[in-house]
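**Q** input_20.cif (mmCIF, C-alpha atoms) pasted underneath:
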```cif
data_query
#
loop_
_atom_site.label_atom_id
_atom_site.label_comp_id
_atom_site.auth_asym_id
_atom_site.auth_seq_id
_atom_site.Cartn_x
_atom_site.Cartn_y
_atom_site.Cartn_z
CA MET Z 23 2.23 -10.08 -33.62
CA ARG Z 24 2.34 -11.28 -30.04
CA ALA Z 25 4.12 -9.30 -27.36
CA ARG Z 26 4.20 -8.86 -23.61
CA SER Z 27 5.42 -6.45 -21.01
CA THR Z 28 6.09 -6.35 -17.29
CA TYR Z 29 5.83 -2.90 -15.79
CA LYS Z 30 6.05 -1.78 -12.17
CA VAL Z 31 3.56 1.07 -11.89
CA PRO Z 32 5.22 3.96 -9.98
CA ASN Z 33 3.93 3.75 -6.36
CA GLY Z 34 1.76 0.89 -7.52
CA LYS Z 35 1.70 -2.77 -8.38
CA LEU Z 36 3.25 -5.04 -10.99
CA LEU Z 37 1.40 -4.96 -14.28
CA LYS Z 38 1.82 -7.76 -16.84
CA ILE Z 39 0.28 -7.21 -20.24
CA PHE Z 40 -0.15 -9.75 -23.03
CA LEU Z 41 -0.81 -8.11 -26.34
CA GLN Z 42 -1.66 -9.29 -29.80
CA TYR Z 43 -1.41 -6.45 -32.29
CA ASP Z 44 -1.60 -5.66 -35.98
CA GLU Z 45 1.80 -4.39 -37.03
CA LYS Z 46 0.57 -2.87 -40.28
CA ASN Z 47 -2.20 -0.82 -38.71
CA ASN Z 48 -0.41 -0.33 -35.37
CA SER Z 49 -3.60 -1.39 -33.57
CA ILE Z 50 -4.65 -3.78 -30.80
CA ASP Z 51 -6.17 -7.13 -31.81
CA GLU Z 52 -6.43 -8.61 -28.34
CA ILE Z 53 -5.20 -7.55 -24.93
CA ASN Z 54 -4.92 -9.27 -21.56
CA ILE Z 55 -4.31 -7.06 -18.55
CA THR Z 56 -2.97 -9.02 -15.58
CA GLY Z 57 -1.18 -8.24 -12.35
CA ASP Z 58 -1.48 -7.83 -8.59
CA PHE Z 59 -3.35 -4.52 -8.68
CA PHE Z 60 -6.92 -3.85 -7.52
CA ALA Z 61 -9.81 -2.59 -9.65
CA TYR Z 62 -13.35 -1.80 -8.51
CA PRO Z 63 -15.56 -3.24 -9.80
CA GLU Z 64 -13.37 -6.18 -10.86
CA GLU Z 65 -15.33 -6.63 -14.09
CA ALA Z 66 -13.88 -3.29 -15.19
CA ILE Z 67 -10.71 -4.94 -16.47
CA GLU Z 68 -12.58 -7.20 -18.89
CA LEU Z 69 -14.55 -4.20 -20.02
CA ILE Z 70 -11.35 -2.23 -20.69
CA GLU Z 71 -9.84 -5.21 -22.53
CA ASN Z 72 -12.88 -5.33 -24.81
CA LYS Z 73 -13.02 -1.60 -25.40
CA LEU Z 74 -9.34 -1.40 -26.32
CA LYS Z 75 -9.73 -3.79 -29.25
CA ASN Z 76 -8.79 -2.11 -32.55
CA MET Z 77 -7.41 0.92 -30.72
CA LEU Z 78 -4.34 2.59 -32.18
CA LEU Z 79 -1.15 1.90 -30.24
CA GLU Z 80 -0.50 5.55 -29.69
CA ARG Z 81 -0.04 7.18 -26.29
CA GLU Z 82 -2.52 10.04 -26.43
CA HIS Z 83 -5.17 7.86 -28.08
CA LEU Z 84 -4.85 5.11 -25.48
CA LEU Z 85 -4.70 7.44 -22.51
CA ARG Z 86 -7.77 9.37 -23.63
CA LYS Z 87 -9.71 6.17 -24.26
CA ILE Z 88 -8.75 4.55 -20.94
CA ARG Z 89 -9.58 7.74 -19.02
CA SER Z 90 -12.97 7.98 -20.69
CA ILE Z 91 -13.81 4.33 -19.88
CA ILE Z 92 -12.77 4.89 -16.26
CA LYS Z 93 -14.95 7.98 -16.00
CA GLU Z 94 -17.95 6.54 -17.80
CA HIS Z 95 -18.02 3.36 -15.72
CA ASN Z 96 -16.92 4.89 -12.43
CA ILE Z 97 -13.93 2.56 -12.16
CA GLN Z 98 -11.51 2.84 -9.28
CA PHE Z 99 -7.95 1.52 -9.49
CA ILE Z 100 -5.63 0.87 -6.57
CA GLY Z 101 -2.00 0.26 -7.49
CA LEU Z 102 -2.76 1.04 -11.13
CA SER Z 103 -3.61 4.15 -13.13
CA ALA Z 104 -4.63 5.15 -16.65
CA GLU Z 105 -1.06 6.38 -17.21
CA GLY Z 106 0.45 3.15 -15.88
CA LEU Z 107 -1.81 1.04 -18.04
CA THR Z 108 -0.95 3.09 -21.12
CA GLU Z 109 2.77 2.78 -20.39
CA GLY Z 110 2.47 -0.99 -19.91
CA ILE Z 111 0.65 -1.40 -23.20
CA LEU Z 112 3.19 0.68 -25.15
CA MET Z 113 6.09 -1.18 -23.53
CA CYS Z 114 4.92 -4.34 -25.33
CA LYS Z 115 6.20 -2.80 -28.54
CA THR Z 116 9.69 -1.97 -27.34
CA MET A 10 -25.36 -2.52 24.54
CA LYS A 11 -22.67 -3.33 22.02
CA GLU A 12 -23.66 -4.42 18.55
CA GLN A 13 -23.19 -8.15 18.05
CA TRP A 14 -21.43 -9.52 15.00
CA ARG A 15 -21.05 -13.16 14.07
CA LEU A 16 -17.74 -14.98 14.55
CA LEU A 17 -17.10 -18.03 12.40
CA LYS A 18 -14.30 -20.45 13.15
CA THR A 19 -14.52 -22.84 10.26
CA GLY A 20 -11.21 -24.59 10.97
CA PHE A 21 -8.96 -25.95 8.25
CA ASP A 22 -10.33 -26.51 4.77
CA THR A 23 -9.27 -26.79 1.16
CA ALA A 24 -8.53 -23.64 -0.85
CA PHE A 25 -11.70 -24.19 -2.88
CA ALA A 26 -13.97 -24.55 0.16
CA ASN A 27 -12.30 -21.59 1.90
CA MET A 28 -12.84 -19.19 -0.99
CA ALA A 29 -16.36 -20.53 -1.52
CA ILE A 30 -17.31 -19.89 2.11
CA ASP A 31 -16.09 -16.27 1.99
CA ARG A 32 -18.14 -15.66 -1.15
CA ALA A 33 -21.22 -17.41 0.31
CA VAL A 34 -21.07 -15.21 3.41
CA LEU A 35 -20.80 -12.12 1.18
CA VAL A 36 -23.92 -13.14 -0.76
CA ALA A 37 -25.87 -14.00 2.40
CA ASN A 38 -24.91 -10.73 4.07
CA SER A 39 -25.83 -8.72 0.98
CA GLY A 40 -29.32 -10.21 1.20
CA GLY A 41 -29.55 -9.08 4.83
CA LYS A 42 -29.77 -12.68 5.98
CA VAL A 43 -26.73 -12.74 8.23
CA PRO A 44 -25.06 -10.09 10.41
CA PRO A 45 -21.61 -8.62 9.78
CA THR A 46 -19.27 -11.59 10.04
CA VAL A 47 -15.65 -12.13 11.01
CA ARG A 48 -14.20 -15.52 10.09
CA PHE A 49 -10.93 -17.24 11.02
CA TYR A 50 -9.65 -20.20 9.05
CA GLY A 51 -6.68 -22.22 7.84
CA TRP A 52 -5.71 -24.26 4.79
CA ILE A 53 -5.33 -28.04 4.37
CA PRO A 54 -3.51 -28.86 2.23
CA PRO A 55 -1.41 -25.69 2.03
CA ALA A 56 -2.39 -23.63 -1.00
CA ILE A 57 -1.51 -20.72 -3.21
CA SER A 58 -4.19 -18.15 -3.86
CA ILE A 59 -3.72 -15.73 -6.71
CA GLY A 60 -5.34 -12.35 -7.18
CA TYR A 61 -8.38 -12.05 -9.45
CA PHE A 62 -6.37 -10.33 -12.21
CA GLN A 63 -3.28 -12.51 -12.14
CA SER A 64 -2.35 -15.07 -14.74
CA LEU A 65 -2.25 -18.50 -13.07
CA THR A 66 0.52 -20.05 -15.16
CA GLU A 67 2.51 -16.83 -15.08
CA GLU A 68 2.60 -16.81 -11.27
CA VAL A 69 2.39 -20.42 -10.15
CA ASP A 70 4.51 -23.49 -10.92
CA LEU A 71 1.66 -25.98 -11.29
CA ASP A 72 3.97 -29.01 -11.52
CA ALA A 73 5.70 -28.05 -8.28
CA CYS A 74 2.29 -27.63 -6.61
CA LYS A 75 1.30 -31.12 -7.68
CA LYS A 76 4.57 -32.60 -6.49
CA LEU A 77 4.39 -30.90 -3.08
CA ASN A 78 0.61 -31.44 -2.66
CA VAL A 79 -0.21 -27.74 -2.69
CA ASP A 80 -3.58 -26.58 -4.06
CA TYR A 81 -4.07 -23.39 -6.03
CA VAL A 82 -7.09 -21.14 -6.42
CA ARG A 83 -8.06 -17.80 -7.97
CA ARG A 84 -9.60 -15.37 -5.48
CA ILE A 85 -12.46 -12.98 -6.20
CA THR A 86 -10.27 -10.23 -4.74
CA GLY A 87 -7.40 -8.48 -6.50
CA GLY A 88 -3.84 -8.39 -5.21
CA GLY A 89 -0.98 -10.83 -5.43
CA ALA A 90 -0.16 -14.50 -5.07
CA VAL A 91 -0.01 -15.81 -1.51
CA PHE A 92 1.31 -19.12 -0.21
CA HIS A 93 -1.03 -20.10 2.62
CA ASP A 94 0.70 -22.48 4.98
CA LYS A 95 1.38 -21.62 8.62
CA GLU A 96 -0.98 -18.72 9.06
CA LEU A 97 -4.30 -17.60 10.36
CA THR A 98 -6.51 -16.27 7.61
CA TYR A 99 -9.23 -13.81 8.50
CA SER A 100 -12.15 -12.52 6.54
CA ILE A 101 -14.69 -9.83 7.30
CA VAL A 102 -17.99 -9.32 5.52
CA ILE A 103 -19.93 -6.15 6.19
CA SER A 104 -22.42 -4.02 4.30
CA GLU A 105 -21.05 -0.96 2.52
CA SER A 106 -23.85 0.99 4.19
CA HIS A 107 -22.94 -0.08 7.74
CA PRO A 108 -21.90 2.99 9.75
CA GLU A 109 -18.57 1.32 10.61
CA THR A 110 -17.66 0.86 6.93
CA PRO A 111 -15.65 3.74 5.46
CA LYS A 112 -17.00 4.58 1.99
CA ASN A 113 -13.48 5.20 0.77
CA ILE A 114 -11.79 1.90 -0.15
CA MET A 115 -8.31 2.85 1.06
CA GLU A 116 -9.75 4.09 4.36
CA SER A 117 -11.58 0.81 4.81
CA TYR A 118 -8.36 -1.15 4.26
CA GLY A 119 -6.80 0.93 7.01
CA ARG A 120 -9.75 0.41 9.34
CA ILE A 121 -9.89 -3.36 8.94
CA CYS A 122 -6.11 -3.63 9.19
CA GLY A 123 -6.55 -1.69 12.45
CA ALA A 124 -8.32 -4.75 13.88
CA ILE A 125 -5.38 -6.98 12.94
CA ILE A 126 -2.92 -4.48 14.43
CA LYS A 127 -4.90 -4.47 17.70
CA GLY A 128 -4.96 -8.27 17.56
CA LEU A 129 -1.20 -8.46 17.12
CA LYS A 130 -0.83 -6.11 20.08
CA GLN A 131 -2.72 -8.66 22.20
CA LEU A 132 0.11 -11.05 21.34
CA GLY A 133 2.69 -8.45 22.35
CA ILE A 134 3.57 -7.43 18.79
CA GLU A 135 3.67 -3.76 17.79
CA SER A 136 2.79 -3.21 14.14
CA SER A 137 1.48 -0.59 11.75
CA TYR A 138 -0.50 -0.31 8.53
CA ALA A 139 1.59 0.00 5.36
CA PRO A 140 -0.65 1.04 2.47
CA ILE A 141 -1.83 -0.34 0.15
CA ASN A 142 -2.59 -3.63 1.83
CA ASP A 143 0.12 -4.70 4.26
CA ILE A 144 0.80 -4.66 7.99
CA ILE A 145 4.42 -4.39 9.03
CA THR A 146 6.33 -4.92 12.23
CA ASN A 147 9.94 -3.71 12.54
CA GLY A 148 9.71 -2.79 8.87
CA LYS A 149 8.80 -6.33 7.78
CA LYS A 150 5.51 -7.64 6.46
CA ILE A 151 3.51 -9.82 8.84
CA SER A 152 0.08 -9.56 7.21
CA GLY A 153 -1.39 -8.85 3.77
CA SER A 154 -5.01 -8.28 2.77
CA ALA A 155 -7.28 -7.96 -0.24
CA GLN A 156 -10.73 -6.43 -0.51
CA THR A 157 -13.61 -6.62 -2.94
CA ARG A 158 -16.94 -4.85 -2.96
CA LYS A 159 -19.88 -6.62 -4.56
CA LEU A 160 -23.66 -6.45 -4.11
CA GLY A 161 -23.24 -3.46 -1.79
CA THR A 162 -21.08 -5.57 0.51
CA VAL A 163 -17.42 -5.47 1.52
CA LEU A 164 -15.37 -8.66 1.73
CA GLN A 165 -11.82 -8.31 2.94
CA HIS A 166 -9.66 -11.32 3.62
CA GLY A 167 -6.06 -11.53 4.63
CA THR A 168 -3.30 -13.47 6.22
CA VAL A 169 -1.59 -13.26 9.59
CA LEU A 170 1.72 -15.06 9.23
CA MET A 171 2.43 -17.46 12.08
CA ASP A 172 5.54 -18.90 10.44
CA VAL A 173 6.96 -18.59 6.96
CA ASP A 174 9.03 -20.83 4.70
CA VAL A 175 10.31 -18.52 1.96
CA ASP A 176 12.30 -21.28 0.21
CA LYS A 177 9.21 -23.47 -0.13
CA MET A 178 7.18 -20.47 -1.26
CA PHE A 179 9.65 -19.77 -4.06
CA SER A 180 9.66 -23.39 -5.17
CA LEU A 181 5.94 -22.92 -5.89
CA LEU A 182 5.83 -19.40 -7.32
CA LYS A 183 7.39 -18.53 -10.64
CA VAL A 184 10.03 -15.83 -10.69
CA PRO A 185 10.54 -13.60 -13.71
CA ASN A 186 14.22 -14.40 -13.97
CA GLU A 187 15.82 -17.61 -12.66
CA LYS A 188 19.20 -15.90 -12.52
CA ILE A 189 18.05 -13.50 -9.82
CA LYS A 190 16.00 -16.10 -7.90
CA ASP A 191 18.54 -16.36 -5.06
CA LYS A 192 18.60 -12.59 -4.66
CA LEU A 193 14.79 -12.46 -4.68
CA ILE A 194 14.58 -15.13 -1.99
CA LYS A 195 17.10 -13.23 0.11
CA ASP A 196 15.13 -9.98 -0.37
CA VAL A 197 11.84 -11.57 0.61
CA LYS A 198 13.44 -13.20 3.67
CA GLU A 199 14.52 -9.71 4.70
CA ARG A 200 11.10 -8.20 4.05
CA VAL A 201 8.77 -10.81 5.58
CA THR A 202 8.42 -11.90 9.18
CA SER A 203 6.05 -13.98 11.31
CA ILE A 204 4.65 -14.27 14.81
CA ARG A 205 7.08 -17.11 15.51
CA HIS A 206 10.02 -15.04 14.38
CA ILE A 207 9.03 -11.99 16.43
CA LEU A 208 8.09 -13.81 19.63
CA GLY A 209 10.84 -16.40 19.36
CA LYS A 210 8.29 -19.14 19.96
CA ASP A 211 5.22 -20.65 18.34
CA ALA A 212 1.77 -19.27 19.06
CA SER A 213 -1.08 -21.73 18.48
CA PHE A 214 -3.80 -21.09 15.89
CA GLU A 215 -6.29 -20.82 18.78
CA GLU A 216 -4.19 -18.21 20.59
CA VAL A 217 -3.85 -16.11 17.45
CA ALA A 218 -7.58 -16.45 16.72
CA GLU A 219 -8.45 -15.31 20.25
CA ALA A 220 -6.12 -12.32 19.92
CA MET A 221 -7.62 -11.35 16.55
CA LYS A 222 -11.13 -11.69 17.97
CA VAL A 223 -10.24 -9.12 20.64
CA GLY A 224 -8.64 -6.96 17.93
CA PHE A 225 -11.84 -6.84 15.88
CA GLU A 226 -13.98 -6.24 18.98
CA LYS A 227 -11.81 -3.30 20.03
CA GLU A 228 -11.44 -1.76 16.57
CA PHE A 229 -15.17 -1.86 15.78
CA ASN A 230 -16.49 -1.63 19.36
CA VAL A 231 -18.62 -4.74 18.90
CA LYS A 232 -19.04 -8.13 20.52
CA LEU A 233 -18.19 -11.12 18.35
CA VAL A 234 -20.50 -14.03 19.07
CA GLU A 235 -19.47 -17.41 17.79
CA GLY A 236 -21.98 -18.81 15.32
CA LYS A 237 -22.30 -21.18 12.42
CA LEU A 238 -22.83 -20.91 8.71
CA SER A 239 -26.54 -20.81 7.88
CA ASN A 240 -28.02 -23.66 5.81
CA GLU A 241 -28.25 -21.25 2.91
CA GLU A 242 -24.57 -20.35 3.22
CA VAL A 243 -23.58 -24.02 3.33
CA THR A 244 -25.59 -24.69 0.16
CA LEU A 245 -24.19 -21.61 -1.58
CA ALA A 246 -20.63 -22.47 -0.57
CA ARG A 247 -20.98 -25.98 -2.03
CA LYS A 248 -22.29 -24.49 -5.24
CA PHE A 249 -19.43 -21.93 -5.49
CA GLU A 250 -16.87 -24.61 -4.67
CA LYS A 251 -18.09 -26.84 -7.47
CA GLU A 252 -18.94 -24.26 -10.12
CA CYS A 253 -16.29 -21.65 -9.44
CA PHE A 254 -13.27 -22.12 -7.19
CA GLY A 255 -12.83 -25.84 -7.85
CA ALA A 256 -13.34 -25.41 -11.59
CA LYS A 257 -10.53 -25.25 -14.14
CA ASP A 258 -12.37 -22.56 -16.11
CA TRP A 259 -12.22 -20.19 -13.19
CA ASN A 260 -8.68 -20.87 -12.03
CA HIS A 261 -7.20 -20.75 -15.52
CA ARG A 262 -9.26 -17.85 -16.81
CA ARG A 263 -6.20 -15.58 -16.96
#
```
Can you give me the file's structure in the form of structure tokens?

**A**
Amino acid sequence: MRARSTYKVPNGKLLKIFLQYDEKNNSIDEINITGDFFAYPEEAIELIENKLKNMLLEREHLLRKIRSIIKEHNIQFIGLSAEGLTEGILMCKT
Amino acid sequence: MKEQWRLLKTGFDTAFANMAIDRAVLVANSGGKVPPTVRFYGWIPPAISIGYFQSLTEEVDLDACKKLNVDYVRRITGGGAVFHDKELTYSIVISESHPETPKNIMESYGRICGAIIKGLKQLGIESSYAPINDIITNGKKISGSAQTRKLGTVLQHGTVLMDVDVDKMFSLLKVPNEKIKDKLIKDVKERVTSIRHILGKDASFEEVAEAMKVGFEKEFNVKLVEGKLSNEEVTLARKFEKECFGAKDWNHRR
């Protein structure tokens, strides 16, 4: 299933997510995170996209995973946050 | 004696060459081969640059660009889509370890924007920094910037609007909803301004460049000495132009 969302991160930038997901398993097949935010280093977004593959589309799961990637790789967002990203991903399903 | 930084005035170039030069200077500076560098430049033909994370076809009407002879390019910096037409574009490249570079990214945006604010003051325009990455005057945006940090080096580039054609801009950028396009255009017209609009007359590119030069010198307490790209930078820029910014793979990657 293909889906997309546009989400204005509170106090942040406009996030546009393109998601391909497995309806039966409620999990991510492929995700594209786009928008006018900043991420340091920039390669972090591709890393997050890869690490989110096969993740369950469930708030706590996603948030915990994104936070752990951010921490492990020392990623800094400006105009985006782990919460905002999670919200944008889940909005694809609504 | 004041520290001397290099000033580059590379004139008007294509979007691909412009982005390639900024990246070449970043690489050269990271290798310690060139001093901290401030560059002023313009765009011929006019062009849209999109942020590193943006989807090209989502943001830009490629057919309209072709029809109106407007180039488009993906930047190595994040941020949003910008229509570069009547503006002065600046870039600054400086080591992360330079004492004048705040370690904190947001602080460094503020510091570099401080140079633009001082430059605008030279032109008689009062302005202030509006985080994350804008400079506003009378509540309206007159400058926007984007920063990346790679190889231990900061590159920030941004625009100083000399004049702005919001209608043309919106004929090139895609809007999420055609029905609200007129309202969006009206909103942006109310939120964006330019040197021409504030002063009630045109300022030349040279005048604005001179003012910005003074702005950077005052903000960082340095002397900007006009120089040229090194041979290595020229070679690197040609390579980046061909392999990266001028390549479909790069511009369409998202």

**Q** Residues at most 12 Å from Asn96 (chain Z), counting all atoms listed in the file, excluding those fewer than 2 positions away in the same chain, as a ChimeraX atom specification?

**A** /Z:61-66,88-94,98-99

**Q** Could the residues in this selection be saved with C-alpha atoms as a PDB file, keeping the file's coordinate frame?

**A**
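The resulting file, again.pdb, is shown below:
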```pdb
ATOM      1  CA  ALA Z  61      -9.810  -2.590  -9.650  1.00  0.00           C
ATOM      2  CA  TYR Z  62     -13.350  -1.800  -8.510  1.00  0.00           C
ATOM      3  CA  PRO Z  63     -15.560  -3.240  -9.800  1.00  0.00           C
ATOM      4  CA  GLU Z  64     -13.370  -6.180 -10.860  1.00  0.00           C
ATOM      5  CA  GLU Z  65     -15.330  -6.630 -14.090  1.00  0.00           C
ATOM      6  CA  ALA Z  66     -13.880  -3.290 -15.190  1.00  0.00           C
ATOM      7  CA  ILE Z  88      -8.750   4.550 -20.940  1.00  0.00           C
ATOM      8  CA  ARG Z  89      -9.580   7.740 -19.020  1.00  0.00           C
ATOM      9  CA  SER Z  90     -12.970   7.980 -20.690  1.00  0.00           C
ATOM     10  CA  ILE Z  91     -13.810   4.330 -19.880  1.00  0.00           C
ATOM     11  CA  ILE Z  92     -12.770   4.890 -16.260  1.00  0.00           C
ATOM     12  CA  LYS Z  93     -14.950   7.980 -16.000  1.00  0.00           C
ATOM     13  CA  GLU Z  94     -17.950   6.540 -17.800  1.00  0.00           C
ATOM     14  CA  GLN Z  98     -11.510   2.840  -9.280  1.00  0.00           C
ATOM     15  CA  PHE Z  99      -7.950   1.520  -9.490  1.00  0.00           C
TER      16      PHE Z  99
END
```

**Q** Show me which bits of chain Z are within 10 Å of chain A, counting only C-alpha atoms, as a list of chain:residue names.

**A**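 Listed by rising number, the hits are Z:Thr28, Z:Asn33, Z:Gly34, Z:Lys35, Z:Leu36, Z:Leu37, Z:Lys38, Z:Ile39, Z:Asn54, Z:Ile55, Z:Thr56, Z:Gly57, Z:Asp58, Z:Phe59, Z:Phe60, Z:Ala61, Z:Tyr62, Z:Pro63, Z:Glu64, Z:Glu65, Z:Ile67, Z:Glu68, Z:Gln98, Z:Ile100, Z:Gly101.
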
**Q** Would you kindly translate the PyMOL selection byres ((chain A and resi 96) around 7) into the concrete residues it picks from this file, as number ranges by chain?

**A** A: 51, 93-95, 97-98, 168-172

**Q** Given the PyMOL selection byres ((chain A and resi 253) around 12) and the file above, list the residues it selects as a list in words.

**A**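 This file, filtered by the PyMOL selection byres ((chain A and resi 253) around 12), leaves Ala24, Phe25, Ala26, Met28, Ala29, Ile30, Arg32, Ala33, Val82, Arg83, Arg84, Ile85, Leu245, Ala246, Arg247, Lys248, Phe249, Glu250, Lys251, Glu252, Phe254, Gly255, Ala256, Lys257, Asp258, Trp259, Asn260, His261 and Arg262 of chain A.
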
**Q** Keeping only C-alpha atoms, write the selected residues to a file as a compact mmCIF listing (two decimals), keeping the file's coordinate frame.

**A**
```
# COMPACT_ATOMS: atom_id res chain seq x y z
CA ALA A 24 -8.53 -23.64 -0.85
CA PHE A 25 -11.70 -24.19 -2.88
CA ALA A 26 -13.97 -24.55 0.16
CA MET A 28 -12.84 -19.19 -0.99
CA ALA A 29 -16.36 -20.53 -1.52
CA ILE A 30 -17.31 -19.89 2.11
CA ARG A 32 -18.14 -15.66 -1.15
CA ALA A 33 -21.22 -17.41 0.31
CA VAL A 82 -7.09 -21.14 -6.42
CA ARG A 83 -8.06 -17.80 -7.97
CA ARG A 84 -9.60 -15.37 -5.48
CA ILE A 85 -12.46 -12.98 -6.20
CA LEU A 245 -24.19 -21.61 -1.58
CA ALA A 246 -20.63 -22.47 -0.57
CA ARG A 247 -20.98 -25.98 -2.03
CA LYS A 248 -22.29 -24.49 -5.24
CA PHE A 249 -19.43 -21.93 -5.49
CA GLU A 250 -16.87 -24.61 -4.67
CA LYS A 251 -18.09 -26.84 -7.47
CA GLU A 252 -18.94 -24.26 -10.12
CA PHE A 254 -13.27 -22.12 -7.19
CA GLY A 255 -12.83 -25.84 -7.85
CA ALA A 256 -13.34 -25.41 -11.59
CA LYS A 257 -10.53 -25.25 -14.14
CA ASP A 258 -12.37 -22.56 -16.11
CA TRP A 259 -12.22 -20.19 -13.19
CA ASN A 260 -8.68 -20.87 -12.03
CA HIS A 261 -7.20 -20.75 -15.52
CA ARG A 262 -9.26 -17.85 -16.81
```

**Q** Where does the PyMOL selection byres ((chain Z and resi 43-46) around 10) land in this file, that is, which residues does it pick, as an MDAnalysis selection string?

**A** chainID Z and resid 23:25 40:42 47:53 75:79 114:115

**Q** Looking at Z:His95, Z:Arg86, Z:Arg81, Z:Lys73, which one is nearest to Met113 (chain Z), with distances taken over all atoms listed in the file?

**A**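 Of all the options, Z:Arg81 lies closest to Met113 (chain Z).
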
**Q** For Val43 (chain A), list every protein, DNA or RNA residue within 12 Å, evaluated using all atoms listed in the file, and leave out those in the same chain fewer than 4 positions away; present the list as a list in words.

**A**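 Result of the neighbour search: Gln13, Trp14, Arg15, Leu16, Leu17, Ala33, Val34, Leu35, Val36, Ala37, Asn38, Ser39, Val47, Val102, Ile103, Ser104, Thr162, Gly236, Lys237, Leu238, Ser239, Asn240, Glu241 and Glu242 of chain A.
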
**Q** Take CA of Ser180 (chain A) and CA of Asp70 (chain A) and report the distance between them in Å, one decimal.

**A**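 Interatomic distance, CA of Ser180 (chain A) to CA of Asp70 (chain A): 7.7 Å.
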
**Q** Tell me which protein, DNA and RNA residues are within 12 Å of Ser152 (chain A), counting only C-alpha atoms, leaving out same-chain ones fewer than 2 positions away, and put them as an MDAnalysis selection string.

**A** chainID A and resid 91 93 96:99 121:126 128:129 136:146 148:150 154:155 166:173 200:204

**Q** One number please: CA of Ser58 (chain A) to CA of Thr23 (chain A), in Å, one decimal.

**A** 11.2 Å

**Q** Please indicate the distance in Å from CA of Val217 (chain A) to CA of Pro55 (chain A), rounded to one decimal place.

**A**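 Pair CA of Val217 (chain A) / CA of Pro55 (chain A) returns 18.3 Å.
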
**Q** Restricting the calculation to all atoms listed in the file, which member of A:Leu182, A:Ile101, A:Ile189, A:Ile151 is positioned closest to Arg120 (chain A)?

**A** A:Ile101
